[in-house]
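Please read the structure below before turning to the comments.
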Amino acid sequence: MQSELEQFRAMVRSVVSTEIEPHIDAWEAEGIFPAHELFPKLAAHGLLGLGFGPEDGGEGAPLEYQMVFSEELGRGNAAGVTMAINVQMHMATPSLAQFGTPALKAKYLAPAIRGEHVAAIAVTEPDAGSDVAGITTKAERDGDDWVISGAKTFITNATQADWFCMLVRTSDEGGYRGMSQIIVPADTPGFEVVRKLDKVGNRSSDTAELRLDGARVPVSNTIGEIGRGFQQQMSQFVIERLSACFSIAGSAEWALAKTRDYLKLREVFGEPLERRQYPVFKLTELSADVELLKALNEKMCRMLNNGEDITREATVGKLHAGRTYRNVADAAMQFHGGIGYMEESWTARYYRDARLSSIGGGADEVMLQVLARMDGYTV
Ligand SMILES: Cc1cc2nc3c(=O)[nH]c(=O)nc-3n(C[C@H](O)[C@H](O)[C@H](O)COP(=O)(O)OP(=O)(O)OC[C@H]3O[C@@H](n4cnc5c(N)ncnc54)[C@H](O)[C@@H]3O)c2cc1C
């Protein structure tokens with residue numbers, strides 16, 4: 001008999017194969033997917049609220065359910081849509097769930113869980129990506145309002161978002177101090193989506209630049225403590241890295257299985273490619289990398305369920321997952337030969353999409369810097 005978790009996996013598989021897979025080619029071509037149509041469909045199955053408590057309108061499901069959801073999303077060559085869903089569930093909302101007031105959660109988190117609101121996370125700026133402490137977008141207090149001016153870039157879901165979880169400076173302290181997370185609704189006067197960006201991959205996900213010029217939002221839109229935004233964002237980043245590890249595990253497994261099928265079919269020098277040791281060893285080695293990632297994912301679930309800090313594990317995981325994803329994409333294209341380089345093959349989109357994994361959500365070098373500092377180096 002199937003366990004409850006396996007039944008859940010089958011349900012997710014069926015949702016992904018009916019609601020995403022038939023449309024993904026068109027969405028990739030259009031450079032956007034209809035988040036306001038898809039998200040309510042996912043929410044109808046409780047999928048957008050898996051990790052949130054029933055008091056916020058969520059499912060309060062064990063973390064393993066989020067892992068399975070992300071893995072199954074990863075299996076459909078729809079990395080752009082997977083990223084957008086991860087933003088909604090694991091990047092723009094965890095701080096709000098953890099630190100937001102009940103009123104703020106009722107206004108913004110509950111509709112996001114129902115799929116009525118599309119959420120985005122706005123940290124990166126034209127002059128500050130890896131170095132988050134370099135952000136300069138500033139909120140000045142005016143009575144009960146913040147008045148915000150500055151710019152953000154590379155923001156996922158931005159052209160469709162109803163609101164942004166934005167990291168801004170709320171004092172002149174500089175460095176890691178004096179930042180706050182503030183919810184900025186998309187219809188705020190003085191807020192503008194400047195332009196949608198044209199990306200190498202993940203094309204079904206919309207990414208845009210934002211400008212704020214005297215955008216006025218209530219101080220009650222501040223998530224958690226004023227001045228603790230950087231620290232809150234760092235713990236939100238840990239959940240973001242965890243979700244990347246989950247979806248890359250499913251995605252890499254899917255791509256390796258498809259490549260293995262191809263090795264069986266494709267004959268070179270009078271026999272199937274599968275009879276050649278090099279491609280078989282390469283796929284086996286990559287499968288071992290995925291197995292290590294999945295073991296780490298399960299460990300992170302156990303640790304989080306025990307209330308333990310997973311900063312180190314999520315950092316190691318993000319680094320390993322990003323590299324594994326890229327290596328799998330490279331091998332898949334290589335062993336498909338010329339047809340693998342054609343846009344008509346699944347390998348082309350997969351190759352373009354995978355490249356982001358070592359840049360977005362903290363580049364590999366940033367993961368190495370975090371780990372090196374944990375180990376006592378001063379780089
Ligand atoms: C498709 C896409 C979607 C994104 N979505 C969002 C989003 O929704 N919200 C958001 O806020 N941001 C988002 N980002 C931004 C993303 O997180 C940043 O691009 C990333 O953190 C890198 O910052 P940067 O681009 O400014 O690169 P830089 O900080 O300029 O770094 C450039 C390169 O320098 C190297 N480097 C950086 N730091 C170090 C170091 N300490 N030691 C050695 N080498 C180093 C790395 O190789 C890095 O790639 C997105 C980016 C992309 C491409």
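By order in the structure tokens, chains are A, B, ...; within a chain, residues start at 1; ligands start at 1, following the order shown.
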
(message) Which residues are near stretch 150-164 of chain A? Cut-off 6 Å, only C-alpha atoms, ignore same chain within fewer than 6 positions. Put them as an MDAnalysis selection string.
(response) chainID A and resid 117:122 124:126 137 183:186 206:212

Kindly save the residues from that selection, with C-alpha atoms included, as a PDB file, in the first residue's frame.
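Printed below is result_17.pdb as written:
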ATOM      1  CA  HIS A 117      -2.069  37.257  -4.639  1.00  0.00           C
ATOM      2  CA  VAL A 118       1.220  36.773  -6.456  1.00  0.00           C
ATOM      3  CA  ALA A 119       4.179  37.610  -4.218  1.00  0.00           C
ATOM      4  CA  ALA A 120       7.745  38.652  -5.052  1.00  0.00           C
ATOM      5  CA  ILE A 121      10.952  39.163  -3.104  1.00  0.00           C
ATOM      6  CA  ALA A 122      12.905  42.341  -3.830  1.00  0.00           C
ATOM      7  CA  THR A 124      18.854  42.778  -5.307  1.00  0.00           C
ATOM      8  CA  GLU A 125      19.742  46.242  -6.635  1.00  0.00           C
ATOM      9  CA  PRO A 126      21.709  47.344  -9.687  1.00  0.00           C
ATOM     10  CA  THR A 137      17.036  51.813  -1.412  1.00  0.00           C
ATOM     11  CA  ILE A 183       5.594  44.958   2.106  1.00  0.00           C
ATOM     12  CA  VAL A 184       5.165  47.229  -0.904  1.00  0.00           C
ATOM     13  CA  PRO A 185       1.898  46.704  -2.816  1.00  0.00           C
ATOM     14  CA  ALA A 186       2.288  46.906  -6.596  1.00  0.00           C
ATOM     15  CA  ASP A 206       8.986  37.030 -15.653  1.00  0.00           C
ATOM     16  CA  THR A 207      11.903  39.030 -14.246  1.00  0.00           C
ATOM     17  CA  ALA A 208      11.927  42.806 -14.031  1.00  0.00           C
ATOM     18  CA  GLU A 209      13.525  46.005 -12.799  1.00  0.00           C
ATOM     19  CA  LEU A 210      11.687  48.197 -10.288  1.00  0.00           C
ATOM     20  CA  ARG A 211      11.890  51.869  -9.440  1.00  0.00           C
ATOM     21  CA  LEU A 212      10.561  53.619  -6.339  1.00  0.00           C
TER      22      LEU A 212
END

Report as CSV the residues of chain A within 9 Å of ligand 1, each with its shortest atom pair and distance in Å (one decimal), using only C-alpha atoms and all ligand atoms, ordered by chain and increasing residue number.
residue,atom,partner,partner_atom_place_in_ligand_line,distance
A:Gly80,CA,ligand 1,1 (C),8.6
A:Met83,CA,ligand 1,3 (C),8.4
A:Ala84,CA,ligand 1,8 (O),8.4
A:Val87,CA,ligand 1,8 (O),6.7
A:Met91,CA,ligand 1,8 (O),7.9
A:Ala92,CA,ligand 1,8 (O),8.3
A:Ala120,CA,ligand 1,8 (O),6.1
A:Ile121,CA,ligand 1,9 (N),4.8
A:Ala122,CA,ligand 1,11 (O),4.1
A:Val123,CA,ligand 1,11 (O),3.4
A:Thr124,CA,ligand 1,11 (O),3.9
A:Glu125,CA,ligand 1,26 (O),7.1
A:Pro126,CA,ligand 1,26 (O),6.7
A:Asp127,CA,ligand 1,26 (O),6.6
A:Ala128,CA,ligand 1,26 (O),5.3
A:Gly129,CA,ligand 1,26 (O),3.1
A:Ser130,CA,ligand 1,29 (O),3.6
A:Asp131,CA,ligand 1,29 (O),6.0
A:Val132,CA,ligand 1,21 (O),8.2
A:Lys152,CA,ligand 1,11 (O),7.4
A:Thr153,CA,ligand 1,12 (N),6.8
A:Phe154,CA,ligand 1,50 (C),4.5
A:Ile155,CA,ligand 1,8 (O),3.9
A:Thr156,CA,ligand 1,8 (O),3.8
A:Asn157,CA,ligand 1,8 (O),7.0
A:Ala158,CA,ligand 1,8 (O),7.8
A:Met166,CA,ligand 1,11 (O),8.2
A:Leu167,CA,ligand 1,11 (O),8.5
A:Leu197,CA,ligand 1,1 (C),8.9
A:Lys199,CA,ligand 1,1 (C),6.8
A:Val200,CA,ligand 1,1 (C),8.5
A:Gly201,CA,ligand 1,1 (C),7.6
A:Asn202,CA,ligand 1,1 (C),6.8
A:Arg203,CA,ligand 1,1 (C),8.6
A:Ser205,CA,ligand 1,1 (C),8.0
A:Asp206,CA,ligand 1,1 (C),8.4
A:Thr207,CA,ligand 1,3 (C),6.2
A:Ala208,CA,ligand 1,5 (N),8.7
A:Leu356,CA,ligand 1,53 (C),6.2
A:Ser357,CA,ligand 1,53 (C),8.9
A:Ser358,CA,ligand 1,49 (O),7.5
A:Ile359,CA,ligand 1,49 (O),5.1
A:Gly360,CA,ligand 1,16 (C),4.1
A:Gly361,CA,ligand 1,17 (O),4.2
A:Gly362,CA,ligand 1,21 (O),4.3
A:Ala363,CA,ligand 1,49 (O),5.1
A:Asp364,CA,ligand 1,47 (O),6.8
A:Glu365,CA,ligand 1,44 (N),4.8
A:Val366,CA,ligand 1,41 (N),5.0
A:Met367,CA,ligand 1,41 (N),8.4
A:Leu368,CA,ligand 1,42 (N),7.8
A:Gln369,CA,ligand 1,41 (N),5.7
A:Val370,CA,ligand 1,41 (N),8.5
A:Val379,CA,ligand 1,41 (N),7.9

(request) List every residue of stretch 137-217 of chain A that DSSP, applied to the backbone, labels as strand (DSSP E or B), and write the result as a PyMOL selection string. (result) chain A and resi 138-142+145-156+163-169+179-185+191-196+207-217

Could those residues be written to a file, using C-alpha atoms, as an mmCIF file, in the first residue's frame?
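Result saved to part_16.cif:
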data_model
loop_
_atom_site.group_PDB
_atom_site.id
_atom_site.type_symbol
_atom_site.label_atom_id
_atom_site.label_comp_id
_atom_site.auth_asym_id
_atom_site.auth_seq_id
_atom_site.Cartn_x
_atom_site.Cartn_y
_atom_site.Cartn_z
ATOM 1 C CA LYS A 138 15.872 53.954 1.449
ATOM 2 C CA ALA A 139 12.651 54.299 3.444
ATOM 3 C CA GLU A 140 12.259 57.563 5.376
ATOM 4 C CA ARG A 141 9.701 57.812 8.112
ATOM 5 C CA ASP A 142 6.944 60.402 7.718
ATOM 6 C CA ASP A 145 4.218 56.070 6.682
ATOM 7 C CA TRP A 146 7.452 55.005 5.045
ATOM 8 C CA VAL A 147 8.420 57.003 1.972
ATOM 9 C CA ILE A 148 10.632 54.774 -0.179
ATOM 10 C CA SER A 149 13.005 55.695 -3.014
ATOM 11 C CA GLY A 150 15.495 53.535 -4.883
ATOM 12 C CA ALA A 151 15.742 50.697 -7.410
ATOM 13 C CA LYS A 152 15.596 46.901 -7.442
ATOM 14 C CA THR A 153 16.505 44.529 -10.255
ATOM 15 C CA PHE A 154 16.257 40.889 -11.412
ATOM 16 C CA ILE A 155 12.998 40.526 -9.486
ATOM 17 C CA THR A 156 11.129 37.278 -10.226
ATOM 18 C CA TRP A 163 3.061 42.834 -3.525
ATOM 19 C CA PHE A 164 6.787 42.765 -2.849
ATOM 20 C CA CYS A 165 8.621 41.727 0.294
ATOM 21 C CA MET A 166 11.263 44.450 -0.020
ATOM 22 C CA LEU A 167 14.511 44.870 1.897
ATOM 23 C CA VAL A 168 15.305 48.575 2.371
ATOM 24 C CA ARG A 169 17.382 50.846 4.557
ATOM 25 C CA MET A 179 17.533 47.529 7.291
ATOM 26 C CA SER A 180 13.884 46.475 7.375
ATOM 27 C CA GLN A 181 11.603 44.194 5.382
ATOM 28 C CA ILE A 182 8.565 46.114 4.168
ATOM 29 C CA ILE A 183 5.594 44.958 2.106
ATOM 30 C CA VAL A 184 5.165 47.229 -0.904
ATOM 31 C CA PRO A 185 1.898 46.704 -2.816
ATOM 32 C CA PHE A 191 6.249 52.430 -7.456
ATOM 33 C CA GLU A 192 6.917 51.310 -11.015
ATOM 34 C CA VAL A 193 7.951 48.180 -12.924
ATOM 35 C CA VAL A 194 10.462 49.783 -15.273
ATOM 36 C CA ARG A 195 11.078 46.949 -17.729
ATOM 37 C CA LYS A 196 10.779 43.203 -18.127
ATOM 38 C CA THR A 207 11.903 39.030 -14.246
ATOM 39 C CA ALA A 208 11.927 42.806 -14.031
ATOM 40 C CA GLU A 209 13.525 46.005 -12.799
ATOM 41 C CA LEU A 210 11.687 48.197 -10.288
ATOM 42 C CA ARG A 211 11.890 51.869 -9.440
ATOM 43 C CA LEU A 212 10.561 53.619 -6.339
ATOM 44 C CA ASP A 213 10.258 57.382 -6.225
ATOM 45 C CA GLY A 214 8.618 58.553 -3.022
ATOM 46 C CA ALA A 215 6.466 55.393 -2.755
ATOM 47 C CA ARG A 216 4.398 55.763 0.431
ATOM 48 C CA VAL A 217 3.383 52.669 2.443
#

(request) Could you tell me which of A:Lys294, A:Arg323, A:His23, A:His36 comes closest to A:Glu253 if we count only C-alpha atoms? (result)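 For A:Glu253, the nearest of the candidates is A:Lys294.
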
(message) Can you pull out the residues contacting stretch 56-62 of chain A? Cut-off 9 Å, using only C-alpha atoms, and skip same-chain residues under 5 positions away; I want them as a count of residues only.
(response) 17
